[in-house]
>>> print(open('coords.tsv').read())   # TSV, C-alpha atoms and all ligand atoms
chain	number	residue	atom	x	y	z
L	174	MET	CA	65.28	-74.14	110.04
L	175	LEU	CA	64.01	-72.21	113.00
L	176	HIS	CA	65.84	-73.89	115.83
L	177	ALA	CA	66.91	-73.53	119.37
L	178	THR	CA	70.67	-73.05	119.09
L	179	ARG	CA	73.00	-75.56	120.70
L	180	PHE	CA	72.97	-73.39	123.80
L	181	GLY	CA	69.29	-72.64	123.39
L	182	ARG	CA	68.46	-76.33	123.32
L	183	GLN	CA	70.31	-76.93	126.60
L	184	LEU	CA	68.49	-73.98	127.99
L	185	LEU	CA	65.21	-75.59	127.05
L	186	THR	CA	65.95	-79.08	128.30
L	187	SER	CA	68.05	-78.61	131.41
L	188	GLY	CA	67.21	-75.03	132.41
L	189	GLY	CA	67.78	-74.17	136.07
L	190	GLN	CA	69.66	-77.38	136.90
L	191	TRP	CA	72.32	-76.60	134.31
L	192	ALA	CA	72.57	-72.98	135.47
L	193	ARG	CA	73.28	-74.11	139.03
L	194	SER	CA	76.12	-76.40	137.95
L	195	ALA	CA	77.80	-73.80	135.71
L	196	VAL	CA	80.79	-71.80	136.89
L	197	GLY	CA	81.50	-68.22	135.75
L	198	LEU	CA	79.36	-65.49	134.26
L	199	SER	CA	75.71	-66.36	134.65
L	200	THR	CA	72.98	-64.44	132.90
L	201	HIS	CA	69.28	-64.44	133.62
L	202	CYS	CA	67.54	-65.23	130.33
L	203	LYS	CA	63.94	-64.84	129.21
L	204	SER	CA	62.77	-66.66	126.08
L	205	LEU	CA	59.52	-67.13	124.25
L	206	VAL	CA	59.32	-70.85	123.66
L	207	LEU	CA	57.27	-72.61	120.99
L	208	GLU	CA	56.34	-76.18	121.93
L	209	GLN	CA	53.80	-76.91	119.16
L	210	HIS	CA	52.68	-74.98	116.09
L	211	GLY	CA	49.47	-73.05	116.44
L	212	CYS	CA	47.96	-69.65	117.10
L	213	PRO	CA	50.93	-67.60	118.43
L	214	GLU	CA	49.12	-66.24	121.51
L	215	GLU	CA	48.43	-69.82	122.62
L	216	ALA	CA	51.42	-71.70	121.24
L	217	LEU	CA	54.13	-69.69	123.03
L	218	HIS	CA	55.11	-69.33	126.66
L	219	LEU	CA	57.70	-67.21	128.44
L	220	LYS	CA	60.46	-69.22	130.06
L	221	GLU	CA	63.08	-67.87	132.49
L	222	THR	CA	66.44	-69.63	132.98
L	223	GLU	CA	70.10	-68.94	133.77
L	224	LEU	CA	72.79	-69.00	131.06
L	225	SER	CA	76.48	-69.40	131.76
L	226	SER	CA	79.19	-68.01	129.48
L	227	GLU	CA	81.43	-70.91	130.65
L	228	LEU	CA	79.60	-73.10	128.16
L	229	LEU	CA	80.45	-70.98	125.13
L	230	GLY	CA	81.98	-72.96	122.27
L	231	ASP	CA	85.16	-71.63	120.64
L	232	HIS	CA	83.20	-69.89	117.87
L	233	ASP	CA	80.13	-68.95	119.92
L	234	VAL	CA	79.04	-65.53	121.11
L	235	LEU	CA	76.65	-64.71	123.94
L	236	VAL	CA	74.34	-61.94	122.75
L	237	ASN	CA	72.01	-59.78	124.82
L	238	ILE	CA	69.14	-59.22	122.40
L	239	LEU	CA	67.84	-55.69	122.73
L	240	ALA	CA	64.92	-55.74	120.32
L	241	ALA	CA	63.29	-58.05	117.79
L	242	PRO	CA	60.38	-57.33	115.46
L	243	ILE	CA	57.26	-59.39	114.92
L	244	ASN	CA	57.21	-59.91	111.15
L	245	PRO	CA	54.52	-61.66	109.11
L	246	SER	CA	56.99	-64.51	108.48
L	247	ASP	CA	57.39	-65.03	112.26
L	248	ILE	CA	53.64	-65.48	112.64
L	249	ASN	CA	53.58	-67.88	109.67
L	250	THR	CA	56.50	-69.85	111.13
L	251	ILE	CA	54.80	-70.23	114.52
L	252	GLU	CA	51.61	-71.35	112.77
L	253	GLY	CA	53.64	-73.95	110.87
L	254	LYS	CA	52.75	-72.35	107.52
L	255	TYR	CA	56.23	-71.17	106.52
L	256	PRO	CA	58.77	-73.20	104.52
L	257	LEU	CA	61.27	-72.87	107.41
L	258	LYS	CA	60.18	-75.49	109.91
L	259	PRO	CA	61.43	-75.10	113.47
L	260	ALA	CA	62.80	-77.96	115.50
L	261	LEU	CA	60.47	-77.98	118.50
L	262	PRO	CA	60.66	-76.84	121.18
L	263	GLY	CA	62.30	-73.74	119.74
L	264	ILE	CA	62.45	-69.98	119.97
L	265	PRO	CA	60.88	-67.89	117.18
L	266	GLY	CA	62.25	-64.65	115.71
L	267	HIS	CA	64.18	-64.28	112.46
L	268	GLU	CA	65.35	-60.70	112.98
L	269	GLY	CA	66.63	-58.44	115.79
L	270	VAL	CA	69.63	-56.68	117.23
L	271	GLY	CA	71.83	-57.32	120.23
L	272	THR	CA	75.04	-56.56	122.06
L	273	VAL	CA	77.81	-59.14	122.41
L	274	VAL	CA	78.39	-59.86	126.11
L	275	ALA	CA	80.83	-62.79	125.90
L	276	VAL	CA	82.84	-64.50	123.17
L	277	GLY	CA	84.33	-67.98	122.74
L	278	GLY	CA	88.12	-68.49	122.59
L	279	LYS	CA	88.44	-68.45	118.79
L	280	VAL	CA	85.91	-65.79	117.86
L	281	THR	CA	87.41	-63.33	115.37
L	282	ARG	CA	84.45	-61.47	113.84
L	283	MET	CA	83.26	-59.64	116.96
L	284	ARG	CA	84.20	-58.47	120.43
L	285	VAL	CA	82.40	-57.86	123.69
L	286	GLY	CA	80.36	-54.66	123.35
L	287	ASP	CA	79.81	-54.95	119.60
L	288	ARG	CA	76.34	-54.35	118.19
L	289	VAL	CA	75.26	-57.32	116.05
L	290	VAL	CA	72.34	-58.45	113.88
L	291	PRO	CA	71.44	-61.99	112.75
L	292	ILE	CA	72.65	-62.59	109.24
L	293	GLU	CA	71.24	-66.12	109.23
L	294	HIS	CA	67.50	-66.76	109.54
L	295	SER	CA	65.89	-68.67	112.41
L	296	GLN	CA	68.27	-67.56	115.14
L	297	GLY	CA	65.42	-67.34	117.63
L	298	THR	CA	65.56	-63.64	118.53
L	299	TRP	CA	62.51	-63.54	120.77
L	300	ARG	CA	64.58	-63.84	123.93
L	301	SER	CA	66.75	-61.65	126.10
L	302	HIS	CA	69.99	-63.63	125.64
L	303	GLY	CA	71.23	-66.43	123.45
L	304	VAL	CA	74.39	-68.22	122.41
L	305	PHE	CA	74.97	-68.22	118.66
L	306	HIS	CA	77.66	-69.18	116.18
L	307	GLU	CA	79.67	-66.07	115.27
L	308	ALA	CA	79.19	-66.77	111.54
L	309	HIS	CA	75.44	-66.32	111.91
L	310	TRP	CA	75.62	-62.75	113.25
L	311	TYR	CA	77.10	-59.61	111.76
L	312	LYS	CA	78.68	-56.57	113.34
L	313	ILE	CA	77.02	-53.24	112.54
L	314	PRO	CA	77.82	-49.64	113.51
L	315	LYS	CA	76.78	-48.79	117.07
L	316	ASP	CA	75.30	-45.44	116.07
L	317	LEU	CA	72.35	-47.03	114.27
L	318	PRO	CA	69.27	-46.65	116.53
L	319	ILE	CA	68.18	-49.93	118.13
L	320	ALA	CA	64.78	-49.98	116.41
L	321	THR	CA	66.38	-49.36	113.02
L	322	ALA	CA	69.02	-52.04	113.52
L	323	ALA	CA	66.42	-54.54	114.75
L	324	THR	CA	64.52	-54.31	111.47
L	325	MET	CA	67.32	-53.93	108.93
L	326	VAL	CA	68.14	-57.44	107.70
L	327	ILE	CA	64.84	-58.44	106.09
L	328	ASN	CA	62.71	-55.58	104.79
L	329	PRO	CA	65.27	-53.07	103.42
L	330	PRO	CA	67.28	-55.79	101.57
L	331	THR	CA	64.00	-57.17	100.20
L	332	ALA	CA	63.08	-53.75	98.80
L	333	LEU	CA	66.54	-53.33	97.28
L	334	ARG	CA	66.48	-56.72	95.60
L	335	LEU	CA	62.90	-56.33	94.35
L	336	LEU	CA	63.90	-53.13	92.58
L	337	GLU	CA	67.21	-54.42	91.25
L	338	GLU	CA	66.82	-58.05	90.24
L	339	PHE	CA	63.83	-58.36	87.93
L	340	VAL	CA	63.60	-55.33	85.64
L	341	THR	CA	66.15	-52.70	84.68
L	342	LEU	CA	64.56	-49.48	85.84
L	343	GLN	CA	65.47	-46.07	84.40
L	344	PRO	CA	64.61	-42.65	85.81
L	345	GLY	CA	61.06	-41.81	84.71
L	346	ASP	CA	59.89	-45.44	84.79
L	347	THR	CA	56.93	-46.48	86.91
L	348	VAL	CA	56.62	-49.24	89.51
L	349	ILE	CA	53.25	-50.22	90.99
L	350	GLN	CA	52.94	-52.02	94.30
L	351	THR	CA	50.33	-53.49	96.62
L	352	GLY	CA	50.78	-53.34	100.41
L	353	ALA	CA	52.33	-49.90	100.15
L	354	THR	CA	51.86	-49.32	103.89
L	355	SER	CA	54.07	-52.32	104.71
L	356	ALA	CA	57.65	-51.82	105.80
L	357	VAL	CA	58.87	-53.30	102.50
L	358	GLY	CA	56.48	-50.99	100.63
L	359	LYS	CA	57.81	-47.92	102.41
L	360	TYR	CA	61.41	-48.84	101.57
L	361	VAL	CA	60.41	-49.49	97.94
L	362	ILE	CA	58.94	-45.97	97.76
L	363	GLN	CA	62.09	-44.36	99.14
L	364	LEU	CA	64.54	-46.38	97.06
L	365	ALA	CA	62.52	-45.85	93.88
L	366	GLN	CA	62.39	-42.11	94.45
L	367	GLN	CA	66.15	-42.07	94.94
L	368	ARG	CA	66.44	-43.59	91.44
L	369	GLY	CA	63.97	-41.14	89.88
L	370	VAL	CA	61.44	-43.97	89.48
L	371	HIS	CA	57.74	-43.18	90.04
L	372	THR	CA	55.60	-45.35	92.29
L	373	ILE	CA	51.89	-46.09	92.25
L	374	ASN	CA	51.05	-47.30	95.72
L	375	ILE	CA	47.99	-49.41	96.47
L	376	VAL	CA	46.59	-49.11	99.99
L	377	ARG	CA	43.43	-50.40	101.63
L	378	ASP	CA	40.84	-47.73	102.35
L	379	ARG	CA	40.59	-46.72	106.01
L	380	SER	CA	39.49	-43.86	108.25
L	381	SER	CA	43.10	-42.66	108.50
L	382	ARG	CA	43.55	-42.59	104.71
L	383	PRO	CA	44.57	-38.88	104.55
L	384	GLU	CA	47.31	-39.44	107.14
L	385	VAL	CA	48.51	-42.57	105.31
L	386	GLU	CA	48.61	-40.74	101.97
L	387	LYS	CA	50.53	-37.89	103.58
L	388	GLU	CA	53.06	-40.28	105.14
L	389	LEU	CA	53.66	-42.19	101.89
L	390	LYS	CA	53.92	-39.01	99.81
L	391	GLU	CA	56.44	-37.57	102.26
L	392	LEU	CA	58.49	-40.73	101.71
L	393	GLY	CA	58.38	-40.07	97.95
L	394	ALA	CA	55.25	-41.86	96.68
L	395	THR	CA	54.02	-40.46	93.35
L	396	VAL	CA	50.45	-41.82	93.55
L	397	VAL	CA	48.59	-43.38	96.48
L	398	CYS	CA	45.26	-45.06	95.72
L	399	THR	CA	43.13	-48.12	96.35
L	400	ALA	CA	43.12	-51.07	93.93
L	401	GLU	CA	39.73	-49.97	92.58
L	402	GLU	CA	40.96	-46.43	91.97
L	403	ALA	CA	44.22	-47.49	90.33
L	404	PRO	CA	43.20	-47.44	86.60
L	405	GLY	CA	41.78	-43.89	86.93
L	406	ALA	CA	44.69	-42.72	89.09
L	407	LEU	CA	47.22	-43.96	86.51
L	408	GLU	CA	45.39	-42.12	83.73
L	409	VAL	CA	45.16	-38.85	85.67
L	410	SER	CA	48.81	-39.05	86.72
L	411	GLY	CA	50.09	-39.08	83.14
L	412	LEU	CA	52.72	-41.63	84.15
L	413	ASP	CA	53.87	-44.39	81.78
L	414	ARG	CA	52.32	-47.78	82.43
L	415	PRO	CA	54.42	-49.65	85.01
L	416	LYS	CA	57.20	-52.02	83.97
L	417	LEU	CA	57.22	-53.72	87.34
L	418	ALA	CA	54.47	-54.68	89.80
L	419	LEU	CA	55.45	-55.75	93.31
L	420	ASP	CA	52.74	-57.73	95.06
L	421	CYS	CA	52.68	-58.81	98.72
L	422	VAL	CA	48.87	-59.02	98.95
L	423	CYS	CA	47.54	-61.22	96.05
L	424	GLY	CA	43.73	-61.53	95.68
L	425	PRO	CA	41.94	-58.71	93.78
L	426	ALA	CA	44.69	-56.17	94.58
L	427	GLY	CA	47.31	-58.37	92.90
L	428	THR	CA	45.11	-58.81	89.84
L	429	ALA	CA	44.52	-55.05	89.68
L	430	VAL	CA	48.24	-54.20	89.55
L	431	ALA	CA	48.95	-56.95	87.00
L	432	LYS	CA	46.28	-55.48	84.69
L	433	LEU	CA	47.99	-52.08	84.64
L	434	LEU	CA	51.43	-53.32	83.56
L	435	GLU	CA	52.84	-52.41	80.17
L	436	PRO	CA	53.06	-55.29	77.65
L	437	GLY	CA	55.92	-57.58	78.66
L	438	GLY	CA	55.82	-56.19	82.21
L	439	THR	CA	56.73	-58.26	85.26
L	440	VAL	CA	54.74	-59.03	88.40
L	441	VAL	CA	56.88	-60.13	91.33
L	442	VAL	CA	54.91	-61.86	94.08
L	443	TYR	CA	56.69	-61.79	97.44
L	444	GLY	CA	53.84	-62.13	99.95
L	445	ALA	CA	50.16	-63.04	100.23
L	446	MET	CA	48.77	-60.87	103.02
L	447	SER	CA	45.18	-61.27	101.78
L	448	LYS	CA	45.61	-65.07	102.12
L	449	GLN	CA	43.91	-65.32	98.71
L	450	PRO	CA	45.28	-66.76	95.46
L	451	LEU	CA	46.53	-64.49	92.71
L	452	SER	CA	44.41	-64.61	89.58
L	453	ILE	CA	45.98	-63.46	86.31
L	454	PRO	CA	43.58	-63.08	83.35
L	455	PRO	CA	44.90	-65.36	80.57
L	456	HIS	CA	44.76	-62.58	77.94
L	457	LEU	CA	47.52	-60.74	79.83
L	458	LEU	CA	49.75	-63.79	79.49
L	459	ILE	CA	48.79	-64.65	75.90
L	460	PHE	CA	48.54	-61.24	74.25
L	461	GLN	CA	50.73	-59.08	76.49
L	462	ASP	CA	53.42	-61.58	77.50
L	463	LEU	CA	53.08	-60.65	81.14
L	464	ARG	CA	55.76	-62.30	83.29
L	465	VAL	CA	54.99	-63.58	86.77
L	466	ARG	CA	57.88	-64.18	89.12
L	467	GLY	CA	58.28	-65.01	92.79
L	468	PHE	CA	60.78	-63.69	95.31
L	469	TRP	CA	61.95	-65.16	98.63
L	470	LEU	CA	64.88	-63.43	100.30
L	471	THR	CA	65.97	-66.39	102.44
L	472	GLY	CA	65.54	-69.00	99.73
L	473	GLY	CA	67.39	-66.80	97.26
L	474	TYR	CA	70.41	-66.48	99.56
L	475	ALA	CA	70.46	-70.25	100.04
L	476	GLN	CA	70.66	-70.78	96.27
L	477	MET	CA	73.53	-68.33	95.77
L	478	LYS	CA	77.06	-69.66	95.66
L	479	GLU	CA	78.25	-67.22	98.33
L	480	GLY	CA	74.90	-66.15	99.74
L	481	TRP	CA	76.47	-65.17	103.07
L	482	LYS	CA	78.68	-62.64	101.27
L	483	VAL	CA	75.66	-61.12	99.53
L	484	LYS	CA	73.87	-60.85	102.88
L	485	GLU	CA	76.82	-59.03	104.42
L	486	GLN	CA	77.16	-56.69	101.46
L	487	LEU	CA	73.44	-55.91	101.63
L	488	ALA	CA	73.68	-55.31	105.39
L	489	ASP	CA	76.54	-52.85	104.76
L	490	ARG	CA	74.54	-51.11	102.02
L	491	VAL	CA	71.47	-50.85	104.23
L	492	CYS	CA	73.51	-49.43	107.14
L	493	ALA	CA	74.98	-46.82	104.79
L	494	LEU	CA	71.54	-45.91	103.39
L	495	PHE	CA	70.21	-45.33	106.92
L	496	ARG	CA	73.26	-43.41	108.11
L	497	GLN	CA	73.24	-41.20	105.01
L	498	LYS	CA	69.50	-40.68	105.57
L	499	VAL	CA	68.68	-41.90	102.06
L	500	ILE	CA	66.07	-44.14	103.69
L	501	LYS	CA	64.12	-43.44	106.83
L	502	PRO	CA	63.30	-46.30	109.22
L	503	VAL	CA	59.64	-47.32	109.52
L	504	PRO	CA	57.73	-46.29	112.66
L	505	VAL	CA	57.80	-48.83	115.48
L	506	ASP	CA	55.67	-49.70	118.48
L	507	CYS	CA	58.00	-51.04	121.19
L	508	MET	CA	56.64	-53.46	123.78
L	509	PRO	CA	58.66	-55.33	126.45
L	510	LEU	CA	59.20	-59.05	125.83
L	511	GLU	CA	57.08	-59.78	128.92
L	512	GLN	CA	54.09	-58.17	127.14
L	513	TRP	CA	54.43	-60.59	124.23
L	514	GLN	CA	50.74	-61.51	124.09
L	515	ASP	CA	49.65	-57.88	123.67
L	516	ALA	CA	52.49	-57.37	121.21
L	517	LEU	CA	51.32	-60.30	119.08
L	518	LYS	CA	47.74	-59.04	119.08
L	519	ARG	CA	48.98	-55.61	118.00
L	520	ALA	CA	51.19	-57.11	115.27
L	521	LYS	CA	48.22	-58.96	113.80
L	522	GLU	CA	46.01	-55.85	113.63
L	523	GLY	CA	45.27	-54.37	110.21
L	524	PHE	CA	45.91	-50.66	109.54
L	525	ARG	CA	48.60	-50.56	112.20
L	526	ASP	CA	51.09	-48.44	110.21
L	527	CYS	CA	54.07	-49.47	112.36
L	528	LYS	CA	56.25	-52.46	113.09
L	529	VAL	CA	55.82	-54.05	116.53
L	530	LEU	CA	59.09	-54.70	118.39
L	531	LEU	CA	59.66	-56.95	121.40
L	532	THR	CA	62.22	-55.15	123.54
L	533	ASN	CA	64.69	-55.97	126.30
L	534	TYR	CA	66.11	-52.61	127.29
L	535	PRO	CA	65.25	-50.19	130.10
L	536	GLU	CA	62.27	-47.93	129.40
L	537	ASP	CA	64.43	-44.81	129.40
L	538	ALA	CA	66.89	-46.22	126.82
L	539	CYS	CA	67.34	-44.24	123.61
L	540	VAL	CA	66.12	-46.29	120.65
L	601	LIG	P1	54.31	-55.14	107.66
L	601	LIG	O1	54.03	-55.93	108.88
L	601	LIG	O2	55.15	-53.93	107.78
L	601	LIG	O3	52.93	-54.67	106.99
L	601	LIG	C1	51.91	-55.58	106.70
L	601	LIG	C2	51.24	-55.14	105.41
L	601	LIG	O4	50.26	-56.09	105.05
L	601	LIG	C3	50.53	-53.80	105.49
L	601	LIG	O5	50.72	-53.11	104.30
L	601	LIG	C4	49.06	-54.19	105.65
L	601	LIG	O6	48.19	-53.25	105.09
L	601	LIG	C5	49.03	-55.42	104.77
L	601	LIG	N1	47.94	-56.31	105.12
L	601	LIG	C6	47.72	-56.91	106.29
L	601	LIG	N2	46.63	-57.69	106.23
L	601	LIG	C7	46.14	-57.54	104.96
L	601	LIG	C8	45.00	-58.09	104.28
L	601	LIG	N3	44.17	-58.94	104.87
L	601	LIG	N4	44.81	-57.71	103.01
L	601	LIG	C9	45.65	-56.85	102.41
L	601	LIG	N5	46.74	-56.31	103.00
L	601	LIG	C10	46.98	-56.66	104.27
L	601	LIG	O7	54.85	-56.14	106.59
L	601	LIG	P2	56.33	-56.39	106.03
L	601	LIG	O8	56.78	-55.21	105.26
L	601	LIG	O9	57.20	-56.94	107.08
L	601	LIG	O10	55.99	-57.56	105.01
L	601	LIG	C11	55.09	-57.30	103.94
L	601	LIG	C12	54.88	-58.57	103.16
L	601	LIG	O11	56.10	-58.91	102.54
L	601	LIG	C13	54.48	-59.78	104.00
L	601	LIG	O12	53.61	-60.57	103.26
L	601	LIG	C14	55.79	-60.49	104.21
L	601	LIG	O13	55.63	-61.87	104.46
L	601	LIG	C15	56.43	-60.23	102.86
L	601	LIG	N6	57.89	-60.35	102.86
L	601	LIG	C16	58.40	-61.27	102.01
L	601	LIG	C17	59.75	-61.42	101.89
L	601	LIG	C18	60.26	-62.43	100.94
L	601	LIG	O14	61.47	-62.70	100.94
L	601	LIG	N7	59.41	-63.00	100.11
L	601	LIG	C19	60.70	-60.64	102.72
L	601	LIG	C20	60.05	-59.62	103.53
L	601	LIG	C21	58.68	-59.52	103.61
L	601	LIG	P3	47.26	-52.28	106.00
L	601	LIG	O15	48.10	-51.11	106.33
L	601	LIG	O16	46.14	-51.99	105.08
L	601	LIG	O17	46.85	-53.08	107.22
>>> encode(input="coords.tsv", output="C-alpha cells")
Amino acid sequence: MLHATRFGRQLLTSGGQWARSAVGLSTHCKSLVLEQHGCPEEALHLKETELSSELLGDHDVLVNILAAPINPSDINTIEGKYPLKPALPGIPGHEGVGTVVAVGGKVTRMRVGDRVVPIEHSQGTWRSHGVFHEAHWYKIPKDLPIATAATMVINPPTALRLLEEFVTLQPGDTVIQTGATSAVGKYVIQLAQQRGVHTINIVRDRSSRPEVEKELKELGATVVCTAEEAPGALEVSGLDRPKLALDCVCGPAGTAVAKLLEPGGTVVVYGAMSKQPLSIPPHLLIFQDLRVRGFWLTGGYAQMKEGWKVKEQLADRVCALFRQKVIKPVPVDCMPLEQWQDALKRAKEGFRDCKVLLTNYPEDACV
C-alpha cells in the first residue's frame, strides 16, 4: 500500500511540534502530501516540516531523496484508480533515488553516503527526506547518473520481464508493441535488439513523427509505424509475423497488434494508456489460438516466494546494463519538487517523449 512510513506519519500528524522536541540532527523536509484521492494538481499540497535522526528505529535509514519520476502508476494511485491504495494522508511516489544521511543502530545493508533506490513500492518518494526501513531500499553504484538511478526500478525490469517471461524469443524473431515512445517501450527496443530480435513499434502520429522515428531507430527499432500502417509495414519489412505483442495502450492499437500475431502468438497487456478496453476478435482466439496474458510487476513480485530477491537481482542486472551501455536511459525533464504542479501538468501531456522528474538537488548538480 502507498503509505506514509512510520516516520512519515509522525511527520504528517505532529510536524513542527515534534521537530522542536527532538534532540540531534534535524533536517528540513519538504513532502507532497495526499489527503484525499482526486485530480493530482488539486489533491496534493506541499508540506514543510523538520525531521530528527534521533527518532530513527534500529533498522531505519534517513534518506535524502534526490529525484523521483512521475510515472503513470503514480497518477493512477493519486486518483484512487490503482490496486495499491494509500493510507491517507500519505506521500505518493513509487520510484526515485536518494542518499543515506543517517542510519539506525542495527542497519547492516547500507551506510551514510550510500546511493539507494526503493526496492519496495509505495515508499512515498515525492519528498526531500524520509525515514524508511532498510529492507525496503537497495544500495546501487554511486556512478549511475541521478536521473538514470531514479527511473531504474520499474521500467527497465518491466521490459526485461516482458521479453523473458512469456515467449521464448530467438534471434530473428519479431516482437510488436504499442506505446513504443514510452520508457518501457524504449527499453524493450534496446533489449530486443541486443538479443537479435526485431521490433515493430506502434506510435501515435504527431508533428514530430520524423524525430520520434529517428530516436527509436537509433535505439534499435526495426519498424516504426502507426497502428493503421502496421499491416502494410509488416508486409514491406519482410519480417516474420510477431510471436509476442506487448500492449500498454489497449483500444484500437491493442487490437491492431493482436491481429498481426502469428497463430498461437501471445499478447501481453501491461497498461491501458488509451483508457479504452481491449477488443480481441473471437476468430483470433478460436482459429488461431491467440493467448492473452496480463503483466503487473509489483503484483508479480508479491506472488513470488522470494520476490525481494528477484527485485534485487533485477536491480543489479539493470545497473550492469546501464553501466555497460547496453541500454541507454530515457530522456528526462527535471523540475524542482516545489514546481510540482507544473511537473504534473507536463507529465500528463501527450507526445512528451521524456520522463518528468521531481528533483531535490542544486541546479548545478550533475545528473
Ligand atoms: P511513459 O510515461 O514513459 O510514456 C507514456 C506512454 O503512453 C507514451 O508512449 C505515450 O505515447 C502513451 N500514451 C499516453 N497517452 C496515450 C493515449 N491516450 N493513447 C495512447 N497512448 C498514450 O510511460 P511508462 O513507460 O512509464 O509506462 C508505460 C505504460 O506501462 C503505462 O501504462 C504504465 O502504467 C505501464 N507500466 C506497467 C507496468 C506493470 O507492471 N504492469 C510497469 C511499468 C509501466 P505518446 O508519445 O504518443 O504520447
>>> closest_atom_pairs(input="coords.tsv", of="stretch 237-328 of chain L", to="stretch 521-534 of chain L", cutoff="8 Å", atoms="all atoms listed in the file", output="tab-separated table")
residue	atom	partner	partner_atom	distance
L:Ile238	CA	L:Asn533	CA	6.8
L:Leu239	CA	L:Asn533	CA	4.8
L:Ala240	CA	L:Thr532	CA	4.2
L:Ala241	CA	L:Leu531	CA	5.2
L:Pro242	CA	L:Leu530	CA	4.1
L:Ile243	CA	L:Val529	CA	5.8
L:Asn244	CA	L:Lys528	CA	7.8
L:Trp299	CA	L:Leu531	CA	7.2
L:Ser301	CA	L:Asn533	CA	6.0
L:Ala320	CA	L:Leu530	CA	7.7
>>> atom_distance(input="coords.tsv", atom1="atom CA of L:Val503", atom2="atom CA of L:Pro329")
10.1 Å
>>> residues_near_ligand(input="coords.tsv", ligand="ligand LIG 601 (chain L)", cutoff="8 Å", atoms="only C-alpha atoms and all ligand atoms", output="ChimeraX atom specification")
/L:243-246,327-328,331,351-359,376-379,421-423,426,442-448,467-472,520-528
>>> write_last_selection(input="coords.tsv", atoms="C-alpha atoms", output="PDB file, in the coordinates of the input")
ATOM      1  CA  ILE L 243      57.260 -59.390 114.920  1.00  0.00           C
ATOM      2  CA  ASN L 244      57.210 -59.910 111.150  1.00  0.00           C
ATOM      3  CA  PRO L 245      54.520 -61.660 109.110  1.00  0.00           C
ATOM      4  CA  SER L 246      56.990 -64.510 108.480  1.00  0.00           C
ATOM      5  CA  ILE L 327      64.840 -58.440 106.090  1.00  0.00           C
ATOM      6  CA  ASN L 328      62.710 -55.580 104.790  1.00  0.00           C
ATOM      7  CA  THR L 331      64.000 -57.170 100.200  1.00  0.00           C
ATOM      8  CA  THR L 351      50.330 -53.490  96.620  1.00  0.00           C
ATOM      9  CA  GLY L 352      50.780 -53.340 100.410  1.00  0.00           C
ATOM     10  CA  ALA L 353      52.330 -49.900 100.150  1.00  0.00           C
ATOM     11  CA  THR L 354      51.860 -49.320 103.890  1.00  0.00           C
ATOM     12  CA  SER L 355      54.070 -52.320 104.710  1.00  0.00           C
ATOM     13  CA  ALA L 356      57.650 -51.820 105.800  1.00  0.00           C
ATOM     14  CA  VAL L 357      58.870 -53.300 102.500  1.00  0.00           C
ATOM     15  CA  GLY L 358      56.480 -50.990 100.630  1.00  0.00           C
ATOM     16  CA  LYS L 359      57.810 -47.920 102.410  1.00  0.00           C
ATOM     17  CA  VAL L 376      46.590 -49.110  99.990  1.00  0.00           C
ATOM     18  CA  ARG L 377      43.430 -50.400 101.630  1.00  0.00           C
ATOM     19  CA  ASP L 378      40.840 -47.730 102.350  1.00  0.00           C
ATOM     20  CA  ARG L 379      40.590 -46.720 106.010  1.00  0.00           C
ATOM     21  CA  CYS L 421      52.680 -58.810  98.720  1.00  0.00           C
ATOM     22  CA  VAL L 422      48.870 -59.020  98.950  1.00  0.00           C
ATOM     23  CA  CYS L 423      47.540 -61.220  96.050  1.00  0.00           C
ATOM     24  CA  ALA L 426      44.690 -56.170  94.580  1.00  0.00           C
ATOM     25  CA  VAL L 442      54.910 -61.860  94.080  1.00  0.00           C
ATOM     26  CA  TYR L 443      56.690 -61.790  97.440  1.00  0.00           C
ATOM     27  CA  GLY L 444      53.840 -62.130  99.950  1.00  0.00           C
ATOM     28  CA  ALA L 445      50.160 -63.040 100.230  1.00  0.00           C
ATOM     29  CA  MET L 446      48.770 -60.870 103.020  1.00  0.00           C
ATOM     30  CA  SER L 447      45.180 -61.270 101.780  1.00  0.00           C
ATOM     31  CA  LYS L 448      45.610 -65.070 102.120  1.00  0.00           C
ATOM     32  CA  GLY L 467      58.280 -65.010  92.790  1.00  0.00           C
ATOM     33  CA  PHE L 468      60.780 -63.690  95.310  1.00  0.00           C
ATOM     34  CA  TRP L 469      61.950 -65.160  98.630  1.00  0.00           C
ATOM     35  CA  LEU L 470      64.880 -63.430 100.300  1.00  0.00           C
ATOM     36  CA  THR L 471      65.970 -66.390 102.440  1.00  0.00           C
ATOM     37  CA  GLY L 472      65.540 -69.000  99.730  1.00  0.00           C
ATOM     38  CA  ALA L 520      51.190 -57.110 115.270  1.00  0.00           C
ATOM     39  CA  LYS L 521      48.220 -58.960 113.800  1.00  0.00           C
ATOM     40  CA  GLU L 522      46.010 -55.850 113.630  1.00  0.00           C
ATOM     41  CA  GLY L 523      45.270 -54.370 110.210  1.00  0.00           C
ATOM     42  CA  PHE L 524      45.910 -50.660 109.540  1.00  0.00           C
ATOM     43  CA  ARG L 525      48.600 -50.560 112.200  1.00  0.00           C
ATOM     44  CA  ASP L 526      51.090 -48.440 110.210  1.00  0.00           C
ATOM     45  CA  CYS L 527      54.070 -49.470 112.360  1.00  0.00           C
ATOM     46  CA  LYS L 528      56.250 -52.460 113.090  1.00  0.00           C
TER      47      LYS L 528
END
>>> atom_distance(input="coords.tsv", atom1="atom CA of L:Glu479", atom2="atom CA of L:Leu494")
22.9 Å
>>> residues_around(input="coords.tsv", residues="stretch 272-289 of chain L", least_positions_apart="6", cutoff="12 Å", atoms="all atoms listed in the file", output="number ranges by chain")
L: 197-200, 224-240, 298, 301-319, 322-323, 325-326, 485, 488, 533-534
>>> residues_around(input="coords.tsv", residues="L:Lys258", least_positions_apart="3", cutoff="12 Å", atoms="only C-alpha atoms", output="list in words")
Met174, Leu175, His176, Ala177, Leu207, Gln209, His210, Ser246, Asp247, Asn249, Thr250, Ile251, Glu252, Gly253, Lys254, Tyr255, Leu261, Pro262, Gly263, Ile264, Pro265, His294 and Ser295 of chain L
>>> closest_residue(input="coords.tsv", among="L:Asp515, L:Glu401, L:Glu386, L:Asp346", to="L:Glu435", atoms="all atoms listed in the file")
L:Asp346
>>> residues_around(input="coords.tsv", residues="L:Gln514", least_positions_apart="2", cutoff="12 Å", atoms="only C-alpha atoms", output="list in words")
Leu205, Cys212, Pro213, Glu214, Glu215, Ala216, Leu217, His218, Leu219, Ile243, Met508, Pro509, Leu510, Glu511, Gln512, Ala516, Leu517, Lys518, Arg519, Ala520, Lys521, Val529 and Leu531 of chain L
